Amino acid sequence: MAAETTRNKIVDVASRLFGRYGFYKTSMDEIAKIARKAKGSLYYHFASKEDLFTAVVSAEIENLKVKLSAIVNDKNLNASEKIKRYLAVRMDTLNTAANYHETLKADFFEHFDFIDDLRSDFDEWEKTQLKTMIVQGIKEGIFDDQYGSFEMLLDVLIMVLKGLEIPYFLQGKYEQYAPYFDDLIKILLKGLAK
């Protein structure tokens, strides 16, 4: 239990430092100092700075998954309401996920190969959640499956969401565009509607 507590403290401190200074400007020495742990303790729990950063981003993604799963599994919402809430909560939660933003910068300017699997896993997880809600909407008679397959639609929806991340989070336009996100969601839902 003490090892897990130490690990969690290291991840918490690393999250704040990476979020404030970025991956490259944050050192393991600095994390150890602020966490009040020996540098060897960091390397006991994490093989490298990349491994620690991956754990930090993974924690942000897990937090997002918990919030989004609650919406997808809410039996009191129809599919349309689920998708509206899902998309709004997704963007709002990611707005505060500073380390996730760092991975976006990496995609834009350079590349963090070590984070690719984590992001790919999230994309697949998210595709499954969206598919679940769309299938529910088809069963409820809210959405139309005119082509008999909505796999392409799911890919396009993921691309739209990913495409919004750069201006929203890296260019600092989230506050400016957030009031219009509901209108975008309405447009997306109209495309699904019967």
# chains A, B, ... in the order shown; residues from 1 in each chain; ligands from 1

call {"tool": "residues_around", "arguments": {"residues": "Ile83 (chain A)", "least_positions_apart": "2", "cutoff": "9 Å", "atoms": "only C-alpha atoms", "output": "PDB file with N, CA and C atoms, in the first residue's frame"}}
result
ATOM      1  N   ILE A  71     -22.102   8.767 -18.513  1.00  0.00           N
ATOM      2  CA  ILE A  71     -23.110   9.278 -19.444  1.00  0.00           C
ATOM      3  C   ILE A  71     -23.617   8.159 -20.352  1.00  0.00           C
ATOM      4  N   VAL A  72     -22.705   7.410 -20.937  1.00  0.00           N
ATOM      5  CA  VAL A  72     -23.074   6.329 -21.864  1.00  0.00           C
ATOM      6  C   VAL A  72     -23.961   5.306 -21.160  1.00  0.00           C
ATOM      7  N   ASN A  78     -32.035   9.462 -23.304  1.00  0.00           N
ATOM      8  CA  ASN A  78     -32.134   8.887 -24.642  1.00  0.00           C
ATOM      9  C   ASN A  78     -30.797   9.113 -25.349  1.00  0.00           C
ATOM     10  N   ALA A  79     -30.650   8.516 -26.500  1.00  0.00           N
ATOM     11  CA  ALA A  79     -29.361   8.558 -27.210  1.00  0.00           C
ATOM     12  C   ALA A  79     -28.952   9.973 -27.582  1.00  0.00           C
ATOM     13  N   SER A  80     -29.885  10.784 -27.998  1.00  0.00           N
ATOM     14  CA  SER A  80     -29.579  12.159 -28.388  1.00  0.00           C
ATOM     15  C   SER A  80     -29.027  12.950 -27.199  1.00  0.00           C
ATOM     16  N   GLU A  81     -29.686  12.829 -26.046  1.00  0.00           N
ATOM     17  CA  GLU A  81     -29.214  13.524 -24.840  1.00  0.00           C
ATOM     18  C   GLU A  81     -27.846  13.002 -24.399  1.00  0.00           C
ATOM     19  N   ARG A  85     -24.522  15.387 -24.046  1.00  0.00           N
ATOM     20  CA  ARG A  85     -23.759  15.472 -22.790  1.00  0.00           C
ATOM     21  C   ARG A  85     -22.344  14.932 -22.964  1.00  0.00           C
ATOM     22  N   TYR A  86     -22.230  13.815 -23.654  1.00  0.00           N
ATOM     23  CA  TYR A  86     -20.929  13.187 -23.888  1.00  0.00           C
ATOM     24  C   TYR A  86     -19.964  14.181 -24.535  1.00  0.00           C
ATOM     25  N   LEU A  87     -20.403  14.797 -25.625  1.00  0.00           N
ATOM     26  CA  LEU A  87     -19.522  15.718 -26.359  1.00  0.00           C
ATOM     27  C   LEU A  87     -19.180  16.950 -25.526  1.00  0.00           C
ATOM     28  N   ALA A  88     -20.160  17.487 -24.809  1.00  0.00           N
ATOM     29  CA  ALA A  88     -19.902  18.668 -23.975  1.00  0.00           C
ATOM     30  C   ALA A  88     -18.942  18.334 -22.830  1.00  0.00           C
ATOM     31  N   LEU A 130     -19.226   5.886 -28.712  1.00  0.00           N
ATOM     32  CA  LEU A 130     -20.083   6.588 -29.671  1.00  0.00           C
ATOM     33  C   LEU A 130     -20.976   5.607 -30.425  1.00  0.00           C
ATOM     34  N   MET A 133     -23.937   4.578 -28.330  1.00  0.00           N
ATOM     35  CA  MET A 133     -24.993   5.593 -28.269  1.00  0.00           C
ATOM     36  C   MET A 133     -25.755   5.691 -29.593  1.00  0.00           C
ATOM     37  N   ILE A 134     -25.057   5.558 -30.705  1.00  0.00           N
ATOM     38  CA  ILE A 134     -25.721   5.618 -32.008  1.00  0.00           C
ATOM     39  C   ILE A 134     -26.637   4.412 -32.204  1.00  0.00           C
ATOM     40  N   ILE A 185     -23.006  20.565 -31.898  1.00  0.00           N
ATOM     41  CA  ILE A 185     -23.588  19.277 -31.507  1.00  0.00           C
ATOM     42  C   ILE A 185     -24.944  19.093 -32.197  1.00  0.00           C
ATOM     43  N   LEU A 189     -26.017  16.049 -34.598  1.00  0.00           N
ATOM     44  CA  LEU A 189     -27.179  15.212 -34.324  1.00  0.00           C
ATOM     45  C   LEU A 189     -28.194  15.252 -35.460  1.00  0.00           C
TER      46      LEU A 189
END

call {"tool": "select_by_dssp", "arguments": {"residues": "region 35-116 of chain A", "states": "helix (DSSP H, G or I)", "output": "ChimeraX atom specification"}}
result
/A:35,39-45,49-72,79-95,98-109,113-116

call {"tool": "write_last_selection", "arguments": {"atoms": "C-alpha atoms", "output": "PDB file, in the first residue's frame"}}
result
ATOM      1  CA  ALA A  35       7.573  15.027  -4.291  1.00  0.00           C
ATOM      2  CA  LYS A  39      15.314  10.132  -7.454  1.00  0.00           C
ATOM      3  CA  GLY A  40      15.812   6.371  -7.177  1.00  0.00           C
ATOM      4  CA  SER A  41      12.231   6.112  -5.898  1.00  0.00           C
ATOM      5  CA  LEU A  42      11.003   7.644  -9.141  1.00  0.00           C
ATOM      6  CA  TYR A  43      12.975   5.125 -11.168  1.00  0.00           C
ATOM      7  CA  TYR A  44      11.714   2.305  -8.949  1.00  0.00           C
ATOM      8  CA  HIS A  45       8.160   3.125 -10.064  1.00  0.00           C
ATOM      9  CA  LYS A  49      10.575  10.204 -17.761  1.00  0.00           C
ATOM     10  CA  GLU A  50       8.600   9.005 -20.775  1.00  0.00           C
ATOM     11  CA  ASP A  51       7.101   6.198 -18.678  1.00  0.00           C
ATOM     12  CA  LEU A  52       6.107   8.697 -15.977  1.00  0.00           C
ATOM     13  CA  PHE A  53       4.590  11.107 -18.511  1.00  0.00           C
ATOM     14  CA  THR A  54       2.623   8.230 -20.023  1.00  0.00           C
ATOM     15  CA  ALA A  55       1.246   7.423 -16.539  1.00  0.00           C
ATOM     16  CA  VAL A  56       0.274  11.077 -16.080  1.00  0.00           C
ATOM     17  CA  VAL A  57      -1.555  11.281 -19.415  1.00  0.00           C
ATOM     18  CA  SER A  58      -3.116   7.886 -18.746  1.00  0.00           C
ATOM     19  CA  ALA A  59      -4.547   9.221 -15.465  1.00  0.00           C
ATOM     20  CA  GLU A  60      -6.098  12.173 -17.308  1.00  0.00           C
ATOM     21  CA  ILE A  61      -7.607   9.850 -19.901  1.00  0.00           C
ATOM     22  CA  GLU A  62      -8.920   7.503 -17.194  1.00  0.00           C
ATOM     23  CA  ASN A  63     -10.591  10.468 -15.476  1.00  0.00           C
ATOM     24  CA  LEU A  64     -12.214  11.367 -18.791  1.00  0.00           C
ATOM     25  CA  LYS A  65     -13.328   7.769 -19.387  1.00  0.00           C
ATOM     26  CA  VAL A  66     -15.000   7.596 -15.964  1.00  0.00           C
ATOM     27  CA  LYS A  67     -17.008  10.764 -16.674  1.00  0.00           C
ATOM     28  CA  LEU A  68     -17.962   9.689 -20.187  1.00  0.00           C
ATOM     29  CA  SER A  69     -18.853   6.105 -19.168  1.00  0.00           C
ATOM     30  CA  ALA A  70     -21.316   7.472 -16.623  1.00  0.00           C
ATOM     31  CA  ILE A  71     -23.110   9.278 -19.444  1.00  0.00           C
ATOM     32  CA  VAL A  72     -23.074   6.329 -21.864  1.00  0.00           C
ATOM     33  CA  ALA A  79     -29.361   8.558 -27.210  1.00  0.00           C
ATOM     34  CA  SER A  80     -29.579  12.159 -28.388  1.00  0.00           C
ATOM     35  CA  GLU A  81     -29.214  13.524 -24.840  1.00  0.00           C
ATOM     36  CA  LYS A  82     -26.350  11.121 -24.163  1.00  0.00           C
ATOM     37  CA  ILE A  83     -24.421  12.302 -27.210  1.00  0.00           C
ATOM     38  CA  LYS A  84     -25.030  15.984 -26.337  1.00  0.00           C
ATOM     39  CA  ARG A  85     -23.759  15.472 -22.790  1.00  0.00           C
ATOM     40  CA  TYR A  86     -20.929  13.187 -23.888  1.00  0.00           C
ATOM     41  CA  LEU A  87     -19.522  15.718 -26.359  1.00  0.00           C
ATOM     42  CA  ALA A  88     -19.902  18.668 -23.975  1.00  0.00           C
ATOM     43  CA  VAL A  89     -18.310  16.827 -21.033  1.00  0.00           C
ATOM     44  CA  ARG A  90     -15.542  15.486 -23.292  1.00  0.00           C
ATOM     45  CA  MET A  91     -14.464  18.923 -24.440  1.00  0.00           C
ATOM     46  CA  ASP A  92     -14.903  20.528 -21.008  1.00  0.00           C
ATOM     47  CA  THR A  93     -12.831  17.818 -19.282  1.00  0.00           C
ATOM     48  CA  LEU A  94     -10.100  17.901 -21.918  1.00  0.00           C
ATOM     49  CA  ASN A  95      -9.940  21.676 -21.532  1.00  0.00           C
ATOM     50  CA  ALA A  98      -2.939  20.116 -19.509  1.00  0.00           C
ATOM     51  CA  ASN A  99      -0.818  17.031 -20.118  1.00  0.00           C
ATOM     52  CA  TYR A 100      -3.160  15.779 -22.813  1.00  0.00           C
ATOM     53  CA  HIS A 101      -2.608  19.185 -24.426  1.00  0.00           C
ATOM     54  CA  GLU A 102       1.128  18.469 -24.363  1.00  0.00           C
ATOM     55  CA  THR A 103       0.512  15.371 -26.490  1.00  0.00           C
ATOM     56  CA  LEU A 104      -1.367  17.556 -28.973  1.00  0.00           C
ATOM     57  CA  LYS A 105       1.621  19.895 -29.172  1.00  0.00           C
ATOM     58  CA  ALA A 106       3.828  16.893 -29.790  1.00  0.00           C
ATOM     59  CA  ASP A 107       1.604  15.781 -32.663  1.00  0.00           C
ATOM     60  CA  PHE A 108       1.676  19.278 -34.077  1.00  0.00           C
ATOM     61  CA  PHE A 109       5.376  20.102 -33.729  1.00  0.00           C
ATOM     62  CA  ASP A 113       6.193   7.843 -30.046  1.00  0.00           C
ATOM     63  CA  PHE A 114       5.849   6.546 -26.500  1.00  0.00           C
ATOM     64  CA  ILE A 115       2.347   8.006 -26.155  1.00  0.00           C
ATOM     65  CA  ASP A 116       0.936   6.659 -29.454  1.00  0.00           C
TER      66      ASP A 116
END

call {"tool": "residues_around", "arguments": {"residues": "Ile31 (chain A)", "least_positions_apart": "6", "cutoff": "10 Å", "atoms": "only C-alpha atoms", "output": "compact mmCIF listing (two decimals) with C-alpha atoms, in the first residue's frame"}}
result
# COMPACT_ATOMS: atom_id res chain seq x y z
CA ILE A 10 4.86 10.97 -7.85
CA VAL A 11 2.19 10.96 -10.58
CA ASP A 12 0.36 13.86 -8.90
CA VAL A 13 3.50 15.99 -8.62
CA ALA A 14 4.62 15.08 -12.14
CA SER A 15 1.18 15.97 -13.48
CA ARG A 16 1.39 19.46 -12.02
CA LEU A 17 4.96 20.04 -13.21
CA PHE A 18 4.46 18.61 -16.70
CA LYS A 37 11.30 11.42 -2.78
CA ALA A 38 14.71 10.14 -3.71
CA LYS A 39 15.31 10.13 -7.45
CA LEU A 42 11.00 7.64 -9.14
CA LYS A 49 10.58 10.20 -17.76

call {"tool": "closest_residue", "arguments": {"among": "A:Thr6, A:Thr96, A:Thr26, A:Asn76", "to": "Gly172 (chain A)", "atoms": "only C-alpha atoms"}}
result
A:Thr96

call {"tool": "closest_residue", "arguments": {"among": "A:Ile166, A:Tyr24, A:Asp155, A:Lys131", "to": "Phe112 (chain A)", "atoms": "only C-alpha atoms"}}
result
A:Tyr24

call {"tool": "atom_distance", "arguments": {"atom1": "CA of Gly191 (chain A)", "atom2": "CA of Lys127 (chain A)"}}
result
17.2 Å

call {"tool": "atom_distance", "arguments": {"atom1": "CA of Lys162 (chain A)", "atom2": "CA of Asp74 (chain A)"}}
result
24.7 Å
